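Printed here is start-v4.cif (mmCIF, C-alpha atoms):
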data_target
#
loop_
_atom_site.group_PDB
_atom_site.id
_atom_site.type_symbol
_atom_site.label_atom_id
_atom_site.label_comp_id
_atom_site.auth_asym_id
_atom_site.auth_seq_id
_atom_site.Cartn_x
_atom_site.Cartn_y
_atom_site.Cartn_z
ATOM 1 C CA MET A 1 -3.762 -8.592 13.494
ATOM 2 C CA THR A 2 -1.028 -10.234 11.437
ATOM 3 C CA THR A 3 2.144 -8.144 11.524
ATOM 4 C CA PRO A 4 4.350 -7.299 8.516
ATOM 5 C CA ARG A 5 7.094 -9.498 9.984
ATOM 6 C CA GLU A 6 4.709 -12.444 10.231
ATOM 7 C CA VAL A 7 3.562 -11.943 6.633
ATOM 8 C CA PHE A 8 7.176 -11.912 5.446
ATOM 9 C CA GLU A 9 7.901 -15.074 7.421
ATOM 10 C CA ARG A 10 4.931 -16.840 5.796
ATOM 11 C CA LEU A 11 6.078 -15.655 2.375
ATOM 12 C CA SER A 12 9.631 -16.815 2.999
ATOM 13 C CA GLU A 13 8.565 -20.168 4.414
ATOM 14 C CA GLY A 14 6.184 -20.732 1.499
ATOM 15 C CA ILE A 15 8.890 -19.998 -1.064
ATOM 16 C CA THR A 16 11.339 -22.352 0.650
ATOM 17 C CA ALA A 17 8.678 -25.083 0.816
ATOM 18 C CA GLY A 18 7.782 -24.570 -2.856
ATOM 19 C CA ARG A 19 4.145 -23.738 -2.131
ATOM 20 C CA PHE A 20 4.006 -21.263 -5.000
ATOM 21 C CA ASP A 21 0.325 -21.861 -5.727
ATOM 22 C CA GLU A 22 -0.573 -20.513 -2.245
ATOM 23 C CA LEU A 23 1.646 -17.450 -2.021
ATOM 24 C CA SER A 24 -0.573 -14.955 -3.832
ATOM 25 C CA GLN A 25 -3.052 -15.196 -0.948
ATOM 26 C CA LEU A 26 -0.588 -13.135 1.093
ATOM 27 C CA TYR A 27 -1.133 -10.206 -1.289
ATOM 28 C CA ALA A 28 -4.011 -7.727 -1.552
ATOM 29 C CA GLU A 29 -6.270 -7.858 -4.602
ATOM 30 C CA ASP A 30 -4.842 -4.545 -5.856
ATOM 31 C CA THR A 31 -1.247 -5.161 -4.773
ATOM 32 C CA VAL A 32 1.713 -3.648 -6.594
ATOM 33 C CA VAL A 33 4.989 -5.582 -6.766
ATOM 34 C CA GLU A 34 8.026 -3.863 -8.247
ATOM 35 C CA HIS A 35 11.388 -5.306 -9.254
ATOM 36 C CA PRO A 36 13.614 -2.226 -9.619
ATOM 37 C CA THR A 37 16.764 -4.182 -10.565
ATOM 38 C CA ALA A 38 15.189 -6.784 -12.858
ATOM 39 C CA ILE A 39 17.090 -7.477 -16.081
ATOM 40 C CA PRO A 40 17.137 -6.128 -18.695
ATOM 41 C CA ILE A 41 14.577 -3.573 -17.444
ATOM 42 C CA PRO A 42 12.787 -2.990 -14.129
ATOM 43 C CA GLY A 43 9.519 -4.854 -13.676
ATOM 44 C CA ARG A 44 6.128 -4.065 -12.173
ATOM 45 C CA ILE A 45 3.235 -6.426 -11.431
ATOM 46 C CA GLU A 46 -0.229 -5.231 -10.495
ATOM 47 C CA GLY A 47 -2.936 -7.341 -8.892
ATOM 48 C CA ARG A 48 -3.107 -10.646 -7.042
ATOM 49 C CA LYS A 49 -3.840 -12.614 -10.204
ATOM 50 C CA ALA A 50 -0.659 -11.396 -11.891
ATOM 51 C CA VAL A 51 1.356 -12.181 -8.756
ATOM 52 C CA HIS A 52 -0.078 -15.719 -8.764
ATOM 53 C CA GLU A 53 0.923 -16.205 -12.388
ATOM 54 C CA ARG A 54 4.416 -14.956 -11.603
ATOM 55 C CA PHE A 55 4.855 -17.405 -8.742
ATOM 56 C CA VAL A 56 3.361 -20.418 -10.500
ATOM 57 C CA GLY A 57 4.551 -19.876 -14.051
ATOM 58 C CA GLY A 58 7.859 -18.143 -13.344
ATOM 59 C CA LEU A 59 9.640 -18.962 -10.114
ATOM 60 C CA GLY A 60 7.840 -22.214 -9.416
ATOM 61 C CA ALA A 61 8.545 -23.598 -12.871
ATOM 62 C CA THR A 62 12.227 -22.726 -13.074
ATOM 63 C CA LEU A 63 13.847 -22.405 -9.647
ATOM 64 C CA ARG A 64 13.977 -23.943 -6.188
ATOM 65 C CA LEU A 65 14.720 -21.350 -3.519
ATOM 66 C CA SER A 66 15.751 -21.759 0.097
ATOM 67 C CA THR A 67 15.894 -18.742 2.415
ATOM 68 C CA SER A 68 18.528 -18.181 5.099
ATOM 69 C CA ASP A 69 20.416 -15.443 6.983
ATOM 70 C CA VAL A 70 17.303 -13.314 7.363
ATOM 71 C CA VAL A 71 17.545 -9.849 8.926
ATOM 72 C CA VAL A 72 14.241 -8.005 9.333
ATOM 73 C CA HIS A 73 14.332 -4.242 9.852
ATOM 74 C CA GLU A 74 11.147 -3.057 11.510
ATOM 75 C CA THR A 75 10.614 0.623 10.777
ATOM 76 C CA THR A 76 8.961 3.606 12.392
ATOM 77 C CA ASP A 77 6.111 3.128 9.891
ATOM 78 C CA PRO A 78 4.131 0.228 11.412
ATOM 79 C CA GLU A 79 3.036 -0.953 7.956
ATOM 80 C CA VAL A 80 6.581 -1.277 6.589
ATOM 81 C CA ILE A 81 9.432 -3.711 7.076
ATOM 82 C CA VAL A 82 12.618 -4.180 5.089
ATOM 83 C CA ALA A 83 14.096 -7.673 4.990
ATOM 84 C CA GLU A 84 17.579 -8.703 3.908
ATOM 85 C CA PHE A 85 18.165 -12.393 3.247
ATOM 86 C CA ARG A 86 20.046 -14.981 1.240
ATOM 87 C CA TYR A 87 18.689 -17.475 -1.250
ATOM 88 C CA THR A 88 20.213 -20.789 -2.144
ATOM 89 C CA VAL A 89 19.054 -20.932 -5.758
ATOM 90 C CA GLU A 90 18.807 -24.215 -7.637
ATOM 91 C CA SER A 91 17.860 -24.544 -11.295
ATOM 92 C CA SER A 92 14.946 -26.942 -11.699
ATOM 93 C CA LEU A 93 16.328 -27.935 -15.087
ATOM 94 C CA SER A 94 20.066 -28.406 -14.523
ATOM 95 C CA GLY A 95 20.319 -28.787 -10.759
ATOM 96 C CA GLU A 96 23.044 -26.120 -10.633
ATOM 97 C CA LYS A 97 23.128 -24.019 -7.478
ATOM 98 C CA THR A 98 24.275 -20.572 -6.417
ATOM 99 C CA GLU A 99 23.917 -18.188 -3.479
ATOM 100 C CA THR A 100 22.290 -14.772 -3.903
ATOM 101 C CA GLU A 101 21.664 -11.776 -1.663
ATOM 102 C CA ASN A 102 18.274 -10.051 -1.594
ATOM 103 C CA ILE A 103 16.500 -7.117 0.014
ATOM 104 C CA GLN A 104 12.772 -6.485 0.033
ATOM 105 C CA MET A 105 10.539 -3.651 1.205
ATOM 106 C CA LEU A 106 7.046 -4.782 2.208
ATOM 107 C CA ARG A 107 4.063 -2.605 3.051
ATOM 108 C CA VAL A 108 1.417 -4.695 4.786
ATOM 109 C CA ARG A 109 -2.086 -3.458 5.530
ATOM 110 C CA ASP A 110 -4.824 -5.521 7.179
ATOM 111 C CA GLY A 111 -2.555 -8.556 7.036
ATOM 112 C CA LEU A 112 -1.957 -8.388 3.263
ATOM 113 C CA ILE A 113 0.912 -7.089 1.145
ATOM 114 C CA VAL A 114 -0.268 -3.945 -0.639
ATOM 115 C CA HIS A 115 3.142 -2.900 -1.991
ATOM 116 C CA SER A 116 6.434 -4.683 -2.371
ATOM 117 C CA ARG A 117 9.753 -3.584 -3.858
ATOM 118 C CA ASP A 118 11.922 -6.635 -4.396
ATOM 119 C CA TYR A 119 15.626 -6.349 -5.151
ATOM 120 C CA HIS A 120 17.249 -9.634 -6.205
ATOM 121 C CA ASP A 121 20.577 -10.656 -7.717
ATOM 122 C CA TYR A 122 19.156 -11.301 -11.168
ATOM 123 C CA LEU A 123 22.584 -11.721 -12.755
ATOM 124 C CA ARG A 124 23.449 -14.756 -10.639
ATOM 125 C CA MET A 125 19.902 -16.088 -11.017
ATOM 126 C CA ALA A 126 20.281 -15.881 -14.799
ATOM 127 C CA ALA A 127 23.666 -17.592 -14.619
ATOM 128 C CA VAL A 128 22.387 -20.588 -12.655
ATOM 129 C CA GLN A 129 19.721 -21.079 -15.329
ATOM 130 C CA GLY A 130 22.275 -20.899 -18.144
ATOM 131 C CA ALA A 131 20.793 -17.629 -19.395
ATOM 132 C CA ALA A 132 23.589 -15.173 -18.575
ATOM 133 C CA ALA A 133 25.306 -15.506 -21.944
ATOM 134 C CA GLY A 134 22.326 -13.916 -23.695
ATOM 135 C CA LEU A 135 22.068 -10.869 -21.452
ATOM 136 C CA ALA A 136 24.147 -8.530 -23.595
ATOM 137 C CA GLU A 137 21.815 -9.153 -26.532
ATOM 138 C CA ALA A 138 18.782 -8.673 -24.267
ATOM 139 C CA TYR A 139 20.067 -5.269 -23.158
ATOM 140 C CA ASP A 140 20.769 -4.345 -26.776
ATOM 141 C CA GLN A 141 17.070 -4.832 -27.527
ATOM 142 C CA VAL A 142 15.990 -2.377 -24.824
ATOM 143 C CA PRO A 143 15.047 1.074 -26.168
ATOM 144 C CA PRO A 144 17.452 3.852 -25.134
ATOM 145 C CA HIS A 145 16.700 5.264 -21.721
ATOM 146 C CA GLU A 146 14.785 8.518 -21.751
ATOM 147 C CA PRO A 147 16.123 10.556 -18.817
ATOM 148 C CA ASP A 148 13.558 11.394 -16.165
ATOM 149 C CA PRO A 149 13.491 14.783 -14.418
ATOM 150 C CA VAL A 150 15.742 14.827 -11.367
ATOM 151 C CA GLN A 151 13.793 15.355 -8.144
ATOM 152 C CA PRO A 152 14.642 18.670 -6.444
ATOM 153 C CA ARG A 153 16.767 18.419 -3.333
ATOM 154 C CA PRO A 154 15.327 19.366 0.068
ATOM 155 C CA ALA A 155 15.718 23.024 0.930
ATOM 156 C CA GLN A 156 17.620 21.909 4.016
ATOM 157 C CA LEU A 157 19.336 18.584 4.632
ATOM 158 C CA ALA A 158 18.838 16.635 7.850
ATOM 159 C CA ASP A 159 21.293 16.907 10.724
ATOM 160 C CA ARG A 160 24.695 15.859 9.413
ATOM 161 C CA LYS A 161 25.197 13.361 12.242
ATOM 162 C CA SER A 162 21.861 11.617 11.737
ATOM 163 C CA PRO A 163 21.527 8.536 9.511
ATOM 164 C CA LEU A 164 19.234 10.506 7.173
ATOM 165 C CA GLY A 165 21.647 13.424 6.990
ATOM 166 C CA VAL A 166 24.595 11.132 6.221
ATOM 167 C CA PHE A 167 22.605 9.285 3.543
ATOM 168 C CA GLN A 168 21.549 12.546 1.896
ATOM 169 C CA ARG A 169 25.125 13.850 1.875
ATOM 170 C CA LEU A 170 26.337 10.587 0.360
ATOM 171 C CA CYS A 171 23.806 10.665 -2.483
ATOM 172 C CA TYR A 172 24.199 14.356 -3.240
ATOM 173 C CA GLY A 173 27.973 14.186 -2.799
ATOM 174 C CA VAL A 174 28.110 11.636 -5.610
ATOM 175 C CA SER A 175 25.858 13.922 -7.657
ATOM 176 C CA ASP A 176 28.247 16.842 -7.106
ATOM 177 C CA GLN A 177 31.351 14.686 -7.724
ATOM 178 C CA ARG A 178 32.817 15.515 -4.331
ATOM 179 C CA TRP A 179 34.925 12.379 -4.494
ATOM 180 C CA SER A 180 37.599 13.573 -2.077
ATOM 181 C CA GLU A 181 35.022 14.490 0.603
ATOM 182 C CA LEU A 182 32.830 11.364 0.491
ATOM 183 C CA PRO A 183 35.227 9.069 2.411
ATOM 184 C CA ASP A 184 34.803 11.337 5.438
ATOM 185 C CA LEU A 185 31.214 10.118 5.735
ATOM 186 C CA TYR A 186 32.609 6.713 6.746
ATOM 187 C CA ALA A 187 34.246 5.572 9.956
ATOM 188 C CA GLU A 188 37.978 4.817 9.998
ATOM 189 C CA GLN A 189 37.056 1.135 10.282
ATOM 190 C CA THR A 190 33.901 0.302 8.344
ATOM 191 C CA ASP A 191 32.290 -2.530 6.387
ATOM 192 C CA VAL A 192 30.876 -1.662 2.962
ATOM 193 C CA ARG A 193 29.615 -4.375 0.614
ATOM 194 C CA HIS A 194 28.142 -4.387 -2.890
ATOM 195 C CA PRO A 195 26.134 -7.643 -2.950
ATOM 196 C CA PHE A 196 25.032 -7.357 -6.587
ATOM 197 C CA LEU A 197 28.527 -6.648 -7.982
ATOM 198 C CA PRO A 198 30.331 -9.940 -8.676
ATOM 199 C CA GLY A 199 33.867 -10.084 -7.359
ATOM 200 C CA SER A 200 33.676 -6.809 -5.458
ATOM 201 C CA PRO A 201 35.874 -6.625 -2.345
ATOM 202 C CA VAL A 202 34.634 -5.677 1.100
ATOM 203 C CA LEU A 203 35.695 -2.092 1.797
ATOM 204 C CA LYS A 204 36.944 -2.164 5.369
ATOM 205 C CA SER A 205 38.431 1.264 5.981
ATOM 206 C CA ARG A 206 38.103 4.915 5.129
ATOM 207 C CA GLU A 207 41.205 4.532 2.990
ATOM 208 C CA ASP A 208 39.488 1.771 1.006
ATOM 209 C CA LEU A 209 36.615 4.190 0.405
ATOM 210 C CA ARG A 210 39.075 6.891 -0.649
ATOM 211 C CA THR A 211 40.429 4.571 -3.345
ATOM 212 C CA HIS A 212 36.897 3.560 -4.339
ATOM 213 C CA PHE A 213 35.654 7.108 -4.840
ATOM 214 C CA ALA A 214 38.887 8.265 -6.505
ATOM 215 C CA LEU A 215 38.347 5.582 -9.155
ATOM 216 C CA ALA A 216 34.853 6.929 -9.816
ATOM 217 C CA GLY A 217 36.395 10.349 -10.370
ATOM 218 C CA GLU A 218 39.006 8.947 -12.762
ATOM 219 C CA ILE A 219 36.372 7.124 -14.791
ATOM 220 C CA GLY A 220 34.433 10.347 -15.120
ATOM 221 C CA VAL A 221 31.106 9.134 -13.748
ATOM 222 C CA ARG A 222 28.430 11.826 -14.061
ATOM 223 C CA MET A 223 25.121 11.096 -12.398
ATOM 224 C CA GLN A 224 22.463 12.713 -10.265
ATOM 225 C CA ALA A 225 20.737 11.063 -7.299
ATOM 226 C CA THR A 226 16.963 11.324 -7.471
ATOM 227 C CA ASP A 227 13.769 9.851 -6.029
ATOM 228 C CA LEU A 228 15.150 9.354 -2.515
ATOM 229 C CA VAL A 229 12.828 7.355 -0.238
ATOM 230 C CA THR A 230 13.989 6.395 3.238
ATOM 231 C CA TYR A 231 12.823 4.004 5.943
ATOM 232 C CA GLN A 232 14.023 4.706 9.466
ATOM 233 C CA SER A 233 14.535 1.500 11.388
ATOM 234 C CA THR A 234 13.342 1.189 14.967
ATOM 235 C CA ASP A 235 17.066 0.791 15.608
ATOM 236 C CA PRO A 236 18.052 4.477 15.605
ATOM 237 C CA GLU A 237 21.414 3.744 13.976
ATOM 238 C CA VAL A 238 19.921 2.031 10.924
ATOM 239 C CA LEU A 239 18.418 3.631 7.824
ATOM 240 C CA ILE A 240 17.368 2.023 4.568
ATOM 241 C CA GLY A 241 17.336 4.332 1.559
ATOM 242 C CA GLU A 242 16.041 3.791 -1.954
ATOM 243 C CA PHE A 243 17.085 6.076 -4.798
ATOM 244 C CA ALA A 244 18.121 6.165 -8.424
ATOM 245 C CA TYR A 245 21.053 7.595 -10.314
ATOM 246 C CA GLU A 246 20.224 9.359 -13.571
ATOM 247 C CA GLY A 247 23.326 9.924 -15.652
ATOM 248 C CA GLN A 248 25.280 9.726 -18.856
ATOM 249 C CA LEU A 249 28.447 7.908 -19.812
ATOM 250 C CA ALA A 250 30.924 9.727 -22.035
ATOM 251 C CA GLY A 251 28.276 12.435 -22.308
ATOM 252 C CA ILE A 252 26.343 10.213 -24.711
ATOM 253 C CA THR A 253 24.725 7.101 -23.232
ATOM 254 C CA PRO A 254 21.929 7.918 -20.742
ATOM 255 C CA PHE A 255 21.186 5.462 -17.965
ATOM 256 C CA ARG A 256 19.149 4.991 -14.804
ATOM 257 C CA VAL A 257 20.420 2.802 -11.992
ATOM 258 C CA ASN A 258 18.086 1.864 -9.142
ATOM 259 C CA ASN A 259 19.599 1.287 -5.707
ATOM 260 C CA ILE A 260 18.763 0.498 -2.115
ATOM 261 C CA PHE A 261 21.289 0.948 0.683
ATOM 262 C CA ALA A 262 21.093 -0.406 4.229
ATOM 263 C CA LEU A 263 23.301 1.762 6.439
ATOM 264 C CA ARG A 264 24.325 1.774 10.060
ATOM 265 C CA VAL A 265 25.456 5.231 11.150
ATOM 266 C CA ARG A 266 27.146 5.869 14.470
ATOM 267 C CA ASP A 267 28.311 9.300 15.656
ATOM 268 C CA GLY A 268 27.693 10.691 12.176
ATOM 269 C CA GLU A 269 29.809 8.075 10.372
ATOM 270 C CA ILE A 270 28.880 4.990 8.351
ATOM 271 C CA VAL A 271 30.145 1.923 10.174
ATOM 272 C CA GLU A 272 28.324 -0.582 7.986
ATOM 273 C CA SER A 273 26.623 -0.414 4.601
ATOM 274 C CA ARG A 274 25.223 -2.896 2.137
ATOM 275 C CA ASP A 275 24.802 -1.153 -1.191
ATOM 276 C CA TYR A 276 22.440 -3.072 -3.473
ATOM 277 C CA GLY A 277 22.719 -1.460 -6.911
ATOM 278 C CA ASP A 278 21.753 -2.305 -10.471
ATOM 279 C CA HIS A 279 25.303 -2.944 -11.637
ATOM 280 C CA PRO A 280 24.250 -4.848 -14.797
ATOM 281 C CA ALA A 281 22.352 -1.777 -16.030
ATOM 282 C CA LEU A 282 25.374 0.445 -15.457
ATOM 283 C CA ALA A 283 27.733 -2.065 -17.057
ATOM 284 C CA ALA A 284 25.426 -2.413 -20.070
ATOM 285 C CA ALA A 285 25.381 1.360 -20.542
ATOM 286 C CA ALA A 286 29.189 1.336 -20.423
ATOM 287 C CA GLY A 287 29.462 -1.552 -22.888
ATOM 288 C CA ARG A 288 31.062 -3.730 -20.194
ATOM 289 C CA LEU A 289 28.265 -6.129 -19.293
ATOM 290 C CA GLN A 290 30.208 -9.131 -20.551
ATOM 291 C CA GLU A 291 32.808 -8.539 -17.843
ATOM 292 C CA LEU A 292 30.167 -9.052 -15.162
ATOM 293 C CA VAL A 293 28.741 -12.078 -16.954
ATOM 294 C CA ASP A 294 32.207 -13.653 -17.164
ATOM 295 C CA ARG A 295 32.631 -13.242 -13.400
ATOM 296 C CA VAL A 296 29.468 -15.172 -12.550
ATOM 297 C CA ILE A 297 29.883 -17.974 -15.095
ATOM 298 C CA ALA A 298 33.615 -18.527 -14.538
#
Translate the structure described by the file into structure tokens.
Amino acid sequence: MTTPREVFERLSEGITAGRFDELSQLYAEDTVVEHPTAIPIPGRIEGRKAVHERFVGGLGATLRLSTSDVVVHETTDPEVIVAEFRYTVESSLSGEKTETENIQMLRVRDGLIVHSRDYHDYLRMAAVQGAAAGLAEAYDQVPPHEPDPVQPRPAQLADRKSPLGVFQRLCYGVSDQRWSELPDLYAEQTDVRHPFLPGSPVLKSREDLRTHFALAGEIGVRMQATDLVTYQSTDPEVLIGEFAYEGQLAGITPFRVNNIFALRVRDGEIVESRDYGDHPALAAAAGRLQELVDRVIA
């Protein structure tokens, strides 16, 4: 039986080779493919035919993609893998290139992809195609977000030293605005990256995290973590967690930001984290999207 890792490798190799007309055969007839951080709104594709049209008419017609730096997280669910990787993205029209980070959750059953949640750096992809300048207007055309109900928290959180327990306390600590306590979830020397936030520094210490969270408190961010879904890696230190923040800015503008974090937790502390978040959506809600656009087109 073809494994999820093997299916991902075929998908990745096919994309790099530009065989877009063949790729839909890796998906089940009733597959669901979601793009939680697509701009200006999240996307969802249902069915093999729609996936084929996406590959042939979308990616294949506009971009050349080459995959590198692949890290595959096999999980305790034998159907599921999570893959982190880099694309070298080249515009088919202009020839301009950029590098983007990506993370993808694949559920494979009977050798076919039945569900995929694909997080890409859409801001940089738009920039390489010369489309970033129009993003602010695109977001302006999106209807105001209607807040969704926040999922109830578990009656009891997981062990505070476990990767799941640390992840839960991070998400709910942000929800409760416990900015001064959150840095203690991280090791003294850590490595925290925000791949989808242009120009963001690597946070290398607990003190860096203290500054980071203090700024969130000063800005007055108010948001609630909801819809937590986690994937425990076969590496017991590693957990991948998907979730969303539902919130408001200045008590007026509602927003939803989808995220997926890949964490390594050792002795109850985060020693490494890659936090893939929908920063364009948050910036658009704050009226600061142009700042992000300027960073990627400079």
Within 8 Å of (11.3, 0.1, 14.3) (coordinates as in the file), grab all the protein and nucleic acid residues, counting only C-alpha atoms, and write them out as a PDB file with C-alpha atoms, in the coordinates of the input.
ATOM      1  CA  HIS A  73      14.332  -4.242   9.852  1.00  0.00           C
ATOM      2  CA  GLU A  74      11.147  -3.057  11.510  1.00  0.00           C
ATOM      3  CA  THR A  75      10.614   0.623  10.777  1.00  0.00           C
ATOM      4  CA  THR A  76       8.961   3.606  12.392  1.00  0.00           C
ATOM      5  CA  ASP A  77       6.111   3.128   9.891  1.00  0.00           C
ATOM      6  CA  PRO A  78       4.131   0.228  11.412  1.00  0.00           C
ATOM      7  CA  GLN A 232      14.023   4.706   9.466  1.00  0.00           C
ATOM      8  CA  SER A 233      14.535   1.500  11.388  1.00  0.00           C
ATOM      9  CA  THR A 234      13.342   1.189  14.967  1.00  0.00           C
ATOM     10  CA  ASP A 235      17.066   0.791  15.608  1.00  0.00           C
TER      11      ASP A 235
END
message = Since I can't run it myself right now, could you work out what the PyMOL selection byres ((chain A and resi 165) around 12) selects here and report it as number ranges by chain?
response = A: 154, 156-164, 166-173, 185, 230, 232, 237, 239, 241, 263, 265-270
May I have a table of the residues of range 186-269 of chain A lying at most 9 Å from range 32-48 of chain A, giving each one's closest pair of atoms and their distance in Å to one decimal, counting all atoms listed in the file, ordered by chain and ascending residue number, as CSV?
residue,atom,partner,partner_atom,distance
A:Val257,CA,A:Thr37,CA,8.0
A:Asn258,CA,A:Pro36,CA,6.1
A:Asn259,CA,A:Thr37,CA,7.8
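Take the candidates A:Leu93, A:Ala286, A:Leu135, A:Val114 and check each one against Tyr27 in chain A using only C-alpha atoms; the shortest distance goes to A:Val114.
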task = Please evaluate the PyMOL selection byres ((chain A and resi 136) around 10) against the structure above and give the resulting residues as a VMD selection string.
result = chain A and resid 40 132 to 135 137 to 141 280 283 to 284 287 to 290 293
request  = Run the PyMOL selection byres ((chain A and resi 190) around 12) on the file and write out the hits as a ChimeraX atom specification.
outcome  = /A:183-189,191-193,202-209,263-266,269-274
Spatial neighbours of range 15-21 of chain A, max dist 12 Å, all atoms listed in the file, sep filter under 3 positions, as an NGL selection string = :A and (8-12 or 24-26 or 48-49 or 51-68 or 86-90 or 92)
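Taking all atoms listed in the file into account, Leu182 in chain A lies nearest to A:Ala214 out of the set A:Leu228, A:Ile219, A:Ala214, A:Val80.
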